file target34.cif (mmCIF, C-alpha atoms)
data_final
loop_
_atom_site.label_atom_id
_atom_site.label_comp_id
_atom_site.auth_asym_id
_atom_site.auth_seq_id
_atom_site.Cartn_x
_atom_site.Cartn_y
_atom_site.Cartn_z
CA MET I 225 -35.59 -6.34 55.33
CA THR I 226 -35.62 -7.85 51.83
CA ALA I 227 -36.93 -11.17 53.17
CA ALA I 228 -39.68 -9.41 55.14
CA ALA I 229 -40.69 -7.37 52.07
CA ALA I 230 -40.73 -10.54 49.96
CA ALA I 231 -42.94 -12.30 52.52
CA VAL I 232 -45.38 -9.37 52.64
CA ARG I 233 -45.47 -9.16 48.83
CA THR I 234 -46.14 -12.89 48.40
CA LEU I 235 -48.78 -12.92 51.14
CA ALA I 236 -50.58 -9.94 49.59
CA VAL I 237 -50.72 -11.49 46.09
CA ALA I 238 -51.71 -14.89 47.53
CA LEU I 239 -54.59 -13.28 49.45
CA TRP I 240 -55.59 -11.30 46.36
CA VAL I 241 -55.60 -14.25 43.94
CA GLY I 242 -57.07 -16.58 46.58
CA GLY I 243 -59.88 -14.12 47.28
CA MET I 244 -60.61 -13.79 43.57
CA ALA I 245 -60.72 -17.56 43.13
CA ALA I 246 -63.06 -17.96 46.10
CA LEU I 247 -65.46 -15.27 44.86
CA ASP I 248 -65.33 -16.02 41.13
CA PHE I 249 -65.38 -19.80 41.22
CA ILE I 250 -67.24 -20.63 44.45
CA ASP I 251 -69.32 -17.73 45.78
CA ALA I 252 -70.69 -16.23 42.53
CA PRO I 253 -71.87 -19.49 40.87
CA LEU I 254 -73.40 -20.77 44.11
CA ARG I 255 -75.20 -17.48 44.73
CA PHE I 256 -77.08 -17.87 41.45
CA ALA I 257 -77.61 -21.63 41.91
CA THR I 258 -79.02 -21.66 45.41
CA PRO I 259 -82.83 -21.71 45.56
CA ALA I 260 -82.84 -19.81 48.89
CA ILE I 261 -82.44 -16.40 47.20
CA SER I 262 -83.89 -14.96 43.99
CA ARG I 263 -81.80 -13.88 40.98
CA ASN I 264 -82.40 -10.22 41.82
CA GLN I 265 -81.19 -10.77 45.38
CA ALA I 266 -78.14 -12.65 44.07
CA VAL I 267 -77.30 -9.70 41.77
CA ALA I 268 -77.67 -7.17 44.61
CA LEU I 269 -75.54 -9.27 46.92
CA GLY I 270 -72.87 -9.64 44.21
CA GLN I 271 -72.72 -5.86 43.72
CA ALA I 272 -72.15 -5.29 47.45
CA VAL I 273 -69.54 -8.05 47.73
CA PHE I 274 -67.55 -7.03 44.64
CA ALA I 275 -67.61 -3.31 45.52
CA ARG I 276 -66.00 -4.12 48.87
CA PHE I 277 -63.63 -6.73 47.43
CA ASN I 278 -62.44 -4.33 44.67
CA ARG I 279 -61.25 -1.88 47.33
CA THR I 280 -59.51 -4.74 49.11
CA GLU I 281 -57.84 -5.70 45.82
CA VAL I 282 -56.46 -2.17 45.34
CA ALA I 283 -55.15 -2.14 48.92
CA LEU I 284 -53.54 -5.56 48.47
CA GLY I 285 -52.12 -4.44 45.10
CA ILE I 286 -50.47 -1.39 46.67
CA VAL I 287 -48.95 -3.54 49.42
CA ALA I 288 -47.82 -6.18 46.89
CA LEU I 289 -46.24 -3.58 44.58
CA ALA I 290 -44.42 -1.83 47.42
CA GLY I 291 -43.20 -5.20 48.72
CA ALA I 292 -42.07 -6.34 45.27
CA VAL I 293 -40.05 -3.15 44.72
CA ALA I 294 -38.54 -3.24 48.22
CA ALA I 295 -37.63 -6.92 47.87
CA ARG I 296 -35.94 -6.19 44.52
CA SER I 297 -38.09 -8.86 42.88
CA PRO I 298 -37.47 -9.83 39.23
CA ARG I 299 -38.32 -6.83 37.09
CA TRP I 300 -41.09 -8.46 35.07
CA THR I 301 -42.93 -9.51 38.25
CA VAL I 302 -42.87 -5.89 39.48
CA VAL I 303 -44.21 -4.71 36.12
CA LEU I 304 -46.94 -7.36 36.13
CA THR I 305 -47.95 -6.44 39.70
CA ALA I 306 -48.22 -2.78 38.63
CA VAL I 307 -50.43 -3.75 35.68
CA MET I 308 -52.63 -5.90 37.95
CA LEU I 309 -53.01 -2.96 40.36
CA ALA I 310 -53.98 -0.62 37.50
CA LEU I 311 -56.60 -3.09 36.27
CA ALA I 312 -58.01 -3.51 39.79
CA ALA I 313 -58.24 0.30 40.00
CA VAL I 314 -60.20 0.39 36.72
CA GLN I 315 -62.63 -2.19 38.17
CA THR I 316 -62.95 -0.20 41.39
CA VAL I 317 -63.45 3.30 40.01
CA TYR I 318 -65.38 2.50 36.85
CA LEU I 319 -66.62 -1.00 36.07
CA THR I 320 -68.27 -2.03 39.34
CA PRO I 321 -69.90 1.38 40.05
CA GLU I 322 -71.12 1.63 36.44
CA ILE I 323 -72.64 -1.88 36.47
CA THR I 324 -74.29 -1.11 39.83
CA ARG I 325 -75.65 2.22 38.51
CA LEU I 326 -77.11 0.63 35.37
CA ALA I 327 -78.58 -2.32 37.29
CA ALA I 328 -80.43 -0.11 39.77
CA GLY I 329 -84.15 -0.92 39.54
CA LEU I 330 -83.73 -3.53 36.79
CA ASP I 331 -85.52 -6.83 37.08
CA PHE I 332 -83.28 -9.78 36.24
CA VAL I 333 -86.08 -12.34 36.62
CA HIS I 334 -88.71 -10.81 34.32
CA ARG I 335 -86.52 -8.94 31.82
CA ALA I 336 -87.86 -6.17 29.61
CA PRO I 337 -86.17 -7.00 26.28
CA ALA I 338 -86.42 -3.45 24.96
CA ASP I 339 -84.41 -1.93 27.80
CA PRO I 340 -80.91 -1.13 26.45
CA ARG I 341 -79.40 -1.29 29.94
CA TYR I 342 -79.28 -5.11 29.82
CA ALA I 343 -76.99 -5.00 26.75
CA ALA I 344 -74.85 -2.27 28.33
CA ILE I 345 -74.49 -4.34 31.51
CA ARG I 346 -73.55 -7.42 29.47
CA SER I 347 -70.87 -5.43 27.65
CA LEU I 348 -69.45 -4.06 30.92
CA HIS I 349 -69.64 -7.52 32.45
CA ASN I 350 -67.56 -8.91 29.55
CA ALA I 351 -64.96 -6.18 30.11
CA TYR I 352 -64.96 -7.00 33.83
CA ALA I 353 -64.43 -10.69 33.06
CA ALA I 354 -61.54 -9.92 30.66
CA VAL I 355 -59.87 -7.74 33.30
CA GLU I 356 -60.51 -10.36 36.00
CA ILE I 357 -58.94 -13.15 33.94
CA THR I 358 -55.89 -10.97 33.19
CA ILE I 359 -55.39 -10.15 36.89
CA PHE I 360 -55.86 -13.78 37.86
CA ALA I 361 -53.37 -15.03 35.23
CA GLY I 362 -50.88 -12.31 36.21
CA GLY I 363 -51.15 -13.13 39.91
CA PHE I 364 -50.72 -16.83 39.21
CA ALA I 365 -47.62 -16.10 37.07
CA VAL I 366 -45.86 -13.92 39.66
CA LEU I 367 -46.65 -16.35 42.48
CA ALA I 368 -45.30 -19.23 40.39
CA CYS I 369 -42.12 -17.26 39.63
CA TRP I 370 -41.49 -16.38 43.28
CA ALA I 371 -42.19 -19.97 44.35
CA VAL I 372 -40.06 -21.65 41.65
CA THR I 373 -37.02 -19.36 41.79
CA GLY I 374 -37.07 -19.14 45.58
CA ARG I 375 -35.35 -15.75 45.21
CA PRO I 376 -36.77 -12.58 46.76
CA MET U 43 -44.00 8.55 16.46
CA ILE U 44 -40.83 9.87 18.09
CA SER U 45 -41.76 8.61 21.54
CA ALA U 46 -42.70 5.18 20.13
CA PHE U 47 -39.38 5.11 18.26
CA LEU U 48 -37.43 6.08 21.36
CA ILE U 49 -39.14 3.56 23.63
CA THR U 50 -38.84 0.62 21.22
CA LEU U 51 -35.22 1.57 20.39
CA ARG U 52 -34.31 1.51 24.07
CA GLU U 53 -36.27 -1.66 24.93
CA GLY U 54 -35.19 -3.33 21.68
CA LEU U 55 -31.52 -2.64 22.35
CA GLU U 56 -31.87 -4.10 25.85
CA MET U 57 -33.37 -7.24 24.26
CA SER U 58 -30.60 -7.37 21.64
CA LEU U 59 -27.90 -7.02 24.32
CA ILE U 60 -29.44 -9.83 26.37
CA VAL U 61 -29.55 -12.15 23.34
CA GLY U 62 -25.99 -11.11 22.46
CA ILE U 63 -24.72 -11.89 25.96
CA LEU U 64 -26.39 -15.33 25.92
CA LEU U 65 -25.08 -16.21 22.44
CA ALA U 66 -21.58 -14.94 23.21
CA TYR U 67 -21.43 -17.05 26.35
CA LEU U 68 -22.46 -20.18 24.43
CA ALA U 69 -19.92 -19.42 21.69
CA ARG U 70 -17.12 -18.90 24.22
CA THR U 71 -17.90 -22.17 26.00
CA GLY U 72 -18.06 -24.15 22.75
CA ARG U 73 -21.83 -24.68 22.90
CA ARG U 74 -22.83 -23.22 19.55
CA ARG U 75 -25.09 -26.23 19.05
CA ASP U 76 -27.34 -24.72 21.75
CA PHE U 77 -27.95 -21.52 19.76
CA PRO U 78 -31.37 -22.85 18.57
CA ALA U 79 -32.49 -23.10 22.22
CA ILE U 80 -31.85 -19.35 22.65
CA TRP U 81 -33.68 -18.51 19.44
CA THR U 82 -36.59 -20.74 20.52
CA GLY U 83 -36.75 -18.78 23.78
CA VAL U 84 -36.70 -15.51 21.83
CA ALA U 85 -39.55 -16.81 19.64
CA PHE U 86 -41.61 -17.67 22.74
CA ALA U 87 -40.84 -14.19 24.15
CA ALA U 88 -41.98 -12.56 20.90
CA LEU U 89 -45.17 -14.62 21.01
CA ALA U 90 -45.81 -13.69 24.67
CA SER U 91 -45.25 -10.01 23.83
CA LEU U 92 -47.70 -10.17 20.92
CA VAL U 93 -50.26 -11.91 23.16
CA ALA U 94 -49.72 -9.21 25.83
CA ALA U 95 -50.22 -6.47 23.23
CA ALA U 96 -53.35 -8.22 21.91
CA VAL U 97 -54.76 -8.58 25.46
CA ILE U 98 -54.16 -4.86 26.17
CA PHE U 99 -55.69 -3.69 22.88
CA VAL U 100 -58.65 -6.11 23.06
CA THR U 101 -59.36 -5.18 26.70
CA ALA U 102 -59.15 -1.49 25.79
CA GLY U 103 -61.59 -2.14 22.93
CA ALA U 104 -64.16 -3.40 25.44
CA PHE U 105 -64.37 0.11 26.94
CA THR U 106 -66.23 3.05 25.47
CA GLY U 107 -66.97 6.61 26.58
CA ARG U 108 -66.01 7.28 30.18
CA GLY U 109 -64.74 3.71 30.57
CA GLU U 110 -62.26 4.29 27.75
CA GLN U 111 -61.01 7.44 29.48
CA VAL U 112 -60.55 5.59 32.77
CA PHE U 113 -58.79 2.65 31.09
CA GLU U 114 -56.47 4.88 29.05
CA GLY U 115 -55.73 7.07 32.07
CA ALA U 116 -54.82 3.97 34.10
CA ALA U 117 -52.71 2.62 31.22
CA PHE U 118 -50.82 5.94 30.83
CA LEU U 119 -50.11 6.19 34.56
CA THR U 120 -49.00 2.54 34.71
CA ALA U 121 -46.74 3.12 31.69
CA VAL U 122 -45.19 6.14 33.45
CA GLY U 123 -44.61 4.09 36.62
CA VAL U 124 -43.10 1.16 34.73
CA LEU U 125 -40.99 3.45 32.52
CA THR U 126 -39.58 5.23 35.57
CA TYR U 127 -38.94 1.96 37.40
CA MET U 128 -37.27 0.49 34.30
CA ILE U 129 -34.90 3.47 33.99
CA PHE U 130 -33.80 3.24 37.63
CA TRP U 131 -33.60 -0.56 37.49
CA MET U 132 -31.31 -0.40 34.47
CA ARG U 133 -29.04 2.13 36.15
CA ARG U 134 -28.73 -0.11 39.23
CA GLU U 135 -28.41 -3.46 37.46
CA ALA U 136 -26.53 -2.57 34.24
CA VAL U 137 -23.11 -3.26 35.74
CA THR U 138 -24.07 -6.74 36.96
CA LEU U 139 -26.49 -7.68 34.17
CA ARG U 140 -23.89 -9.53 32.13
CA ALA U 141 -22.52 -11.49 35.11
CA SER U 142 -26.00 -12.31 36.36
CA LEU U 143 -27.15 -13.63 32.97
CA GLN U 144 -23.97 -15.67 32.57
CA ALA U 145 -24.37 -17.19 36.04
CA ARG U 146 -27.92 -18.30 35.21
CA MET U 147 -26.70 -19.58 31.84
CA SER U 148 -23.95 -21.58 33.52
CA GLU U 149 -26.52 -23.05 35.92
CA ALA U 150 -28.71 -24.12 32.98
CA LEU U 151 -25.75 -25.67 31.14
CA ARG U 152 -24.66 -27.60 34.24
CA ALA U 153 -28.13 -29.13 34.38
CA HIS U 154 -27.70 -30.21 30.71
CA SER U 155 -31.18 -28.86 30.11
CA ARG U 156 -32.09 -27.26 26.80
CA THR U 157 -35.48 -26.45 28.26
CA ALA U 158 -33.77 -24.37 30.95
CA LEU U 159 -31.95 -22.41 28.21
CA VAL U 160 -35.22 -21.83 26.36
CA VAL U 161 -36.92 -20.64 29.57
CA LEU U 162 -33.96 -18.39 30.48
CA ALA U 163 -34.00 -16.68 27.06
CA ALA U 164 -37.80 -16.48 27.00
CA VAL U 165 -38.02 -14.85 30.45
CA ALA U 166 -35.05 -12.50 29.96
CA VAL U 167 -36.30 -11.24 26.58
CA GLY U 168 -40.02 -11.62 27.31
CA ARG U 169 -40.02 -9.18 30.23
CA GLU U 170 -38.69 -6.47 27.90
CA GLY U 171 -41.24 -7.44 25.25
CA ILE U 172 -44.20 -7.27 27.63
CA GLU U 173 -43.06 -3.85 28.86
CA THR U 174 -42.74 -2.75 25.24
CA ALA U 175 -46.34 -3.89 24.62
CA LEU U 176 -47.55 -1.65 27.45
CA PHE U 177 -45.47 1.34 26.31
CA PHE U 178 -46.55 0.76 22.71
CA PHE U 179 -50.22 0.90 23.72
CA ALA U 180 -49.63 4.14 25.65
CA THR U 181 -47.74 5.86 22.83
CA VAL U 182 -50.17 4.70 20.14
CA ARG U 183 -53.12 6.03 22.16
CA ALA U 184 -51.22 9.27 22.82
CA SER U 185 -50.53 9.84 19.09
CA SER U 186 -52.08 7.84 16.23
CA PRO U 187 -51.97 4.13 15.31
CA LEU U 188 -50.09 4.77 12.05
CA ALA U 189 -47.48 7.11 13.53
CA GLY U 190 -47.05 4.98 16.66
CA GLY U 191 -46.78 1.77 14.63
CA ALA U 192 -44.25 3.28 12.22
CA GLY U 193 -42.17 4.64 15.11
CA ALA U 194 -42.23 1.26 16.87
CA VAL U 195 -41.18 -0.65 13.74
CA LEU U 196 -38.35 1.82 13.05
CA GLY U 197 -37.21 1.72 16.68
CA LEU U 198 -37.20 -2.08 16.85
CA GLY U 199 -35.44 -2.31 13.46
CA ALA U 200 -32.74 0.14 14.57
CA ALA U 201 -32.32 -1.73 17.86
CA VAL U 202 -31.90 -5.10 16.16
CA LEU U 203 -29.39 -3.62 13.69
CA LEU U 204 -27.45 -1.92 16.49
CA GLY U 205 -27.48 -5.11 18.59
CA TRP U 206 -26.23 -7.15 15.66
CA LEU U 207 -23.40 -4.70 14.95
CA LEU U 208 -22.41 -4.75 18.62
CA TYR U 209 -22.47 -8.55 18.66
CA ARG U 210 -20.35 -8.72 15.52
CA GLY U 211 -17.90 -6.35 17.18
CA THR U 212 -17.92 -4.11 14.11
CA TYR U 213 -19.29 -1.18 16.07
CA ARG U 214 -18.50 0.09 19.54
CA LEU U 215 -21.03 2.10 21.47
CA ASP U 216 -20.60 3.79 24.83
CA LEU U 217 -23.58 2.05 26.35
CA ARG U 218 -23.42 4.07 29.57
CA MET U 219 -23.75 7.26 27.53
CA PHE U 220 -26.48 5.70 25.36
CA PHE U 221 -28.54 4.64 28.38
CA ASN U 222 -28.03 8.00 30.13
CA VAL U 223 -29.15 9.99 27.08
CA THR U 224 -32.14 7.74 26.31
CA SER U 225 -33.07 7.73 30.02
CA ALA U 226 -33.16 11.55 30.04
CA LEU U 227 -35.31 11.58 26.91
CA LEU U 228 -37.58 8.86 28.29
CA LEU U 229 -38.11 10.86 31.48
CA VAL U 230 -39.45 13.68 29.29
CA VAL U 231 -41.65 11.16 27.41
CA GLY U 232 -42.80 9.84 30.81
CA ALA U 233 -43.73 13.36 31.95
CA GLY U 234 -45.74 13.77 28.74
CA LEU U 235 -47.57 10.48 29.29
CA LEU U 236 -48.28 11.55 32.87
CA THR U 237 -50.04 14.73 31.69
CA ARG U 238 -51.99 12.70 29.12
CA GLY U 239 -53.03 10.21 31.80
CA ILE U 240 -54.10 13.00 34.15
CA GLY U 241 -55.97 14.64 31.27
CA GLU U 242 -57.93 11.42 30.62
CA LEU U 243 -58.78 11.01 34.32
CA GLN U 244 -59.84 14.67 34.50
CA GLU U 245 -62.23 14.09 31.59
CA ALA U 246 -63.58 11.09 33.52
CA ARG U 247 -63.98 13.43 36.55
CA LEU U 248 -61.70 11.30 38.72
CA VAL U 249 -58.91 13.86 39.17
CA PRO U 250 -59.46 17.54 40.06
CA VAL U 251 -58.36 20.13 37.48
CA LEU U 252 -57.63 22.89 40.10
CA VAL U 253 -57.61 25.54 37.32
CA GLU U 254 -59.21 24.28 34.12
CA GLN U 255 -57.10 26.27 31.64
CA LEU U 256 -53.87 27.72 32.93
CA TRP U 257 -52.98 29.26 29.55
CA ASN U 258 -53.88 29.01 25.88
CA SER U 259 -50.88 28.79 23.57
CA ASN U 260 -52.86 27.90 20.44
CA ARG U 261 -51.89 31.29 18.94
CA PHE U 262 -48.22 30.35 19.05
CA VAL U 263 -48.29 26.57 18.50
CA SER U 264 -51.65 25.11 17.55
CA GLN U 265 -52.45 21.77 19.15
CA THR U 266 -53.49 20.39 15.74
CA SER U 267 -50.49 21.71 13.75
CA THR U 268 -47.59 19.45 12.72
CA LEU U 269 -45.33 21.13 15.27
CA GLY U 270 -48.04 20.79 17.91
CA ASN U 271 -48.40 17.08 17.16
CA LEU U 272 -44.64 16.64 17.29
CA LEU U 273 -44.36 18.46 20.62
CA GLU U 274 -47.33 16.52 21.97
CA ALA U 275 -45.78 13.17 21.04
CA MET U 276 -42.39 14.10 22.44
CA PHE U 277 -43.08 16.33 25.44
CA GLY U 278 -46.81 15.83 26.05
CA TYR U 279 -47.51 19.36 24.82
CA THR U 280 -51.03 20.60 25.52
CA SER U 281 -52.03 24.06 24.34
CA THR U 282 -54.65 24.46 27.10
CA PRO U 283 -53.29 22.58 30.12
CA SER U 284 -54.94 22.51 33.52
CA LEU U 285 -53.02 23.56 36.62
CA MET U 286 -52.97 19.93 37.76
CA GLN U 287 -51.33 18.80 34.50
CA VAL U 288 -48.65 21.52 34.64
CA ALA U 289 -47.96 20.82 38.32
CA ALA U 290 -47.70 17.06 37.74
CA TYR U 291 -45.35 17.59 34.77
CA ALA U 292 -43.06 19.92 36.71
CA VAL U 293 -43.04 17.84 39.90
CA TYR U 294 -42.38 14.60 38.01
CA LEU U 295 -39.51 16.02 35.95
CA ALA U 296 -37.94 17.77 38.93
CA ALA U 297 -38.26 14.85 41.37
CA VAL U 298 -37.39 11.98 39.04
CA GLY U 299 -34.74 13.99 37.18
CA TRP U 300 -33.08 14.93 40.46
CA ALA U 301 -33.22 11.34 41.74
CA TYR U 302 -31.67 10.05 38.50
CA PHE U 303 -28.98 12.63 37.89
CA ARG U 304 -27.96 13.55 41.46
CA PRO U 305 -24.35 12.67 42.14
CA VAL U 306 -24.09 9.34 43.93
CA ARG U 307 -21.25 8.83 46.37
CA LEU U 308 -19.92 5.37 45.66
CA PRO U 309 -18.44 3.32 48.50
CA VAL U 310 -14.64 3.34 48.46
CA ARG U 311 -13.40 -0.11 47.54
CA PRO U 312 -9.86 -1.43 47.14
CA ARG U 313 -8.91 -0.91 43.51
CA PRO U 314 -8.37 -4.20 41.67
CA ALA U 315 -5.49 -4.57 39.24
CA GLU U 316 -7.56 -3.73 36.15
CA GLY U 317 -10.17 -1.54 37.81
CA PRO U 318 -13.92 -2.22 38.05
CA SER U 319 -16.00 -2.51 34.91
CA THR U 320 -18.52 0.30 34.91
CA THR U 321 -19.93 -0.11 31.42
CA VAL U 322 -21.84 -2.92 29.79
CA GLU U 323 -19.45 -4.42 27.31
CA PRO U 324 -20.54 -5.23 23.77
CA ALA U 325 -22.07 -8.68 23.58
CA ALA U 326 -19.17 -10.36 21.83
CA GLN U 327 -15.95 -9.58 20.07
CA PRO U 328 -14.78 -11.23 16.82
CA ARG U 329 -12.20 -13.27 18.73
CA GLU U 330 -14.93 -14.67 20.95
CA ARG U 331 -16.99 -15.68 17.97
CA ARG U 332 -14.08 -17.57 16.45
CA ALA U 333 -13.41 -19.37 19.73
#
call {"tool": "encode", "arguments": {"input": "target34.cif", "output": "structure tokens"}}
result
Amino acid sequence: MTAAAAAVRTLAVALWVGGMAALDFIDAPLRFATPAISRNQAVALGQAVFARFNRTEVALGIVALAGAVAARSPRWTVVLTAVMLALAAVQTVYLTPEITRLAAGLDFVHRAPADPRYAAIRSLHNAYAAVEITIFAGGFAVLACWAVTGRP
Amino acid sequence: MISAFLITLREGLEMSLIVGILLAYLARTGRRRDFPAIWTGVAFAALASLVAAAVIFVTAGAFTGRGEQVFEGAAFLTAVGVLTYMIFWMRREAVTLRASLQARMSEALRAHSRTALVVLAAVAVGREGIETALFFFATVRASSPLAGGAGAVLGLGAAVLLGWLLYRGTYRLDLRMFFNVTSALLLVVGAGLLTRGIGELQEARLVPVLVEQLWNSNRFVSQTSTLGNLLEAMFGYTSTPSLMQVAAYAVYLAAVGWAYFRPVRLPVRPRPAEGPSTTVEPAAQPRERRA
């Protein structure tokens, strides 16, 4: 039972962190670099992808937290998983929807400098990045702990 | 201030006990020369805790308006979850904590690795420190920076003093009683944080209120009075609570309180000659230090 819970927990965090790495470091930069789609299309695509992935993150976080508790994982890894889940929830219920709402109808190719929504989006984007880095670092730390100690 | 004091006292004493156990083990095995490795680990843990606190406060600073409400609500609810988990974890692991730490210490010493000692101390103390950073954020946001900061400093100071006295063997404390009493008080603090978290999420329109104002007790204890502030910090007092807040408070206290204090039937085991140890012993006795 403990071994199964530990396996589920590790798989969930690995999928979570792996998914983040794939989207943040491969998909997002390439979307804006490829000449096949415009910047506005890249932004719209990013909103759709991240909205769906945020929900996946929360689901994986719940599974990971339940698995970590059931497997009686080291206490700090359980705490860190709970913090990561809370941050993913903040992204899901506030940051991504708010960025999407503000970006509706905005042109990211021919910007209107006077429009305050660009600055608001930049501020929210910075918050999103800070949260993303924290989740990524936390996920990396708990995975490293579970791999190095070899204990449930 | 009181809740910050209580949380840092409890977490600080856990840290002090861990350091005491590690130092006592080194002293007993004639490895006093490795004391600096433990203190180096503690320094790394303190640094990690400060970084964690800075990350939480800086991230919170990036949010304004509704975002701030969502972030604070999430932080309060996470703090409640972690606080509750920590209380139950301590009850389950307290009896074996000393043996477990000593086994890991023995493993590190067998490997003749000072780095392993540093990592052991850093991880064992750091996990408490990072939790404290989260709780500190929640209590500071629930009261005021000055009151929360003063409570945290007093709590940590008292914990270090208490830990030192226990290590010196000049003071004996019934740790089981201490942890039971502080656990009960922390459950009440947790219930208060829960209502604050729900309140924030209600303002952000993410949680239903059910009935917006169940009562108004401002005539008896004003929310802004000294007594009101005290009750708010300690019990999460709200003069105009919603039905959802009252229900969450009652359900949390009843469910978690029952789970914590219900009588547990222990498995019958053959009684050893000296009987099982059911309390965490003080970190070291004077004789051990002279050894």
call {"tool": "residues_around", "arguments": {"input": "target34.cif", "residues": "U:Leu139", "least_positions_apart": "4", "cutoff": "10 Å", "atoms": "only C-alpha atoms", "output": "MDAnalysis selection string"}}
result
chainID U and resid 59:60 63 132 134:135 143:145 322
call {"tool": "closest_atom_pairs", "arguments": {"input": "target34.cif", "of": "chain I", "to": "chain U", "cutoff": "8 Å", "atoms": "all atoms listed in the file", "output": "Markdown table"}}
result
| residue | atom | partner | partner_atom | distance |
| --- | --- | --- | --- | --- |
| I:Arg299 | CA | U:Arg169 | CA | 7.4 |
| I:Trp300 | CA | U:Arg169 | CA | 5.0 |
| I:Val303 | CA | U:Val124 | CA | 6.1 |
| I:Ala306 | CA | U:Thr120 | CA | 6.7 |
| I:Val307 | CA | U:Thr120 | CA | 6.5 |
| I:Ala310 | CA | U:Ala116 | CA | 5.8 |
| I:Leu311 | CA | U:Ala116 | CA | 7.6 |
| I:Ala313 | CA | U:Ala116 | CA | 7.7 |
| I:Val314 | CA | U:Phe113 | CA | 6.2 |
| I:Tyr318 | CA | U:Gly109 | CA | 6.4 |
| I:Leu319 | CA | U:Gly109 | CA | 7.5 |
| I:Ser347 | CA | U:Ala104 | CA | 7.4 |
| I:Leu348 | CA | U:Ala104 | CA | 7.6 |
| I:Asn350 | CA | U:Ala104 | CA | 7.7 |
| I:Ala351 | CA | U:Ala104 | CA | 5.5 |
| I:Ala354 | CA | U:Thr101 | CA | 6.5 |
| I:Val355 | CA | U:Thr101 | CA | 7.1 |
call {"tool": "residues_around", "arguments": {"input": "target34.cif", "residues": "stretch 271-276 of chain U", "least_positions_apart": "4", "cutoff": "9 Å", "atoms": "only C-alpha atoms", "output": "PyMOL selection string"}}
result
chain U and resi 43-46+181+184-185+227+230-231+234-235+264-267+280
call {"tool": "write_last_selection", "arguments": {"input": "target34.cif", "atoms": "C-alpha atoms", "output": "PDB file, in the frame of the given file"}}
result
ATOM      1  CA  MET U  43     -44.000   8.550  16.460  1.00  0.00           C
ATOM      2  CA  ILE U  44     -40.830   9.870  18.090  1.00  0.00           C
ATOM      3  CA  SER U  45     -41.760   8.610  21.540  1.00  0.00           C
ATOM      4  CA  ALA U  46     -42.700   5.180  20.130  1.00  0.00           C
ATOM      5  CA  THR U 181     -47.740   5.860  22.830  1.00  0.00           C
ATOM      6  CA  ALA U 184     -51.220   9.270  22.820  1.00  0.00           C
ATOM      7  CA  SER U 185     -50.530   9.840  19.090  1.00  0.00           C
ATOM      8  CA  LEU U 227     -35.310  11.580  26.910  1.00  0.00           C
ATOM      9  CA  VAL U 230     -39.450  13.680  29.290  1.00  0.00           C
ATOM     10  CA  VAL U 231     -41.650  11.160  27.410  1.00  0.00           C
ATOM     11  CA  GLY U 234     -45.740  13.770  28.740  1.00  0.00           C
ATOM     12  CA  LEU U 235     -47.570  10.480  29.290  1.00  0.00           C
ATOM     13  CA  SER U 264     -51.650  25.110  17.550  1.00  0.00           C
ATOM     14  CA  GLN U 265     -52.450  21.770  19.150  1.00  0.00           C
ATOM     15  CA  THR U 266     -53.490  20.390  15.740  1.00  0.00           C
ATOM     16  CA  SER U 267     -50.490  21.710  13.750  1.00  0.00           C
ATOM     17  CA  THR U 280     -51.030  20.600  25.520  1.00  0.00           C
TER      18      THR U 280
END
call {"tool": "atom_distance", "arguments": {"input": "target34.cif", "atom1": "atom CA of I:Thr373", "atom2": "atom CA of U:Ala158"}}
result
12.4 Å
call {"tool": "resolve_selection", "arguments": {"input": "target34.cif", "expression": "the PyMOL selection byres ((chain I and resi 333-339) around 12)", "output": "number ranges by chain"}}
result
I: 256, 261-267, 326-327, 329-332, 340-345
call {"tool": "atom_distance", "arguments": {"input": "target34.cif", "atom1": "atom CA of U:Val202", "atom2": "atom CA of U:Val137"}}
result
21.5 Å
call {"tool": "atom_distance", "arguments": {"input": "target34.cif", "atom1": "atom CA of U:Ser225", "atom2": "atom CA of I:Val366"}}
result
26.9 Å
call {"tool": "residues_around", "arguments": {"input": "target34.cif", "residues": "U:Leu55", "least_positions_apart": "3", "cutoff": "10 Å", "atoms": "all atoms listed in the file", "output": "PDB file with C-alpha atoms, keeping the file's coordinate frame"}}
result
ATOM      1  CA  ILE U  49     -39.140   3.560  23.630  1.00  0.00           C
ATOM      2  CA  THR U  50     -38.840   0.620  21.220  1.00  0.00           C
ATOM      3  CA  LEU U  51     -35.220   1.570  20.390  1.00  0.00           C
ATOM      4  CA  ARG U  52     -34.310   1.510  24.070  1.00  0.00           C
ATOM      5  CA  SER U  58     -30.600  -7.370  21.640  1.00  0.00           C
ATOM      6  CA  LEU U  59     -27.900  -7.020  24.320  1.00  0.00           C
ATOM      7  CA  ILE U  60     -29.440  -9.830  26.370  1.00  0.00           C
ATOM      8  CA  VAL U  61     -29.550 -12.150  23.340  1.00  0.00           C
ATOM      9  CA  GLU U 170     -38.690  -6.470  27.900  1.00  0.00           C
ATOM     10  CA  GLY U 197     -37.210   1.720  16.680  1.00  0.00           C
ATOM     11  CA  LEU U 198     -37.200  -2.080  16.850  1.00  0.00           C
ATOM     12  CA  GLY U 199     -35.440  -2.310  13.460  1.00  0.00           C
ATOM     13  CA  ALA U 200     -32.740   0.140  14.570  1.00  0.00           C
ATOM     14  CA  ALA U 201     -32.320  -1.730  17.860  1.00  0.00           C
ATOM     15  CA  VAL U 202     -31.900  -5.100  16.160  1.00  0.00           C
ATOM     16  CA  LEU U 203     -29.390  -3.620  13.690  1.00  0.00           C
ATOM     17  CA  LEU U 204     -27.450  -1.920  16.490  1.00  0.00           C
ATOM     18  CA  GLY U 205     -27.480  -5.110  18.590  1.00  0.00           C
ATOM     19  CA  TRP U 206     -26.230  -7.150  15.660  1.00  0.00           C
ATOM     20  CA  PHE U 221     -28.540   4.640  28.380  1.00  0.00           C
TER      21      PHE U 221
END
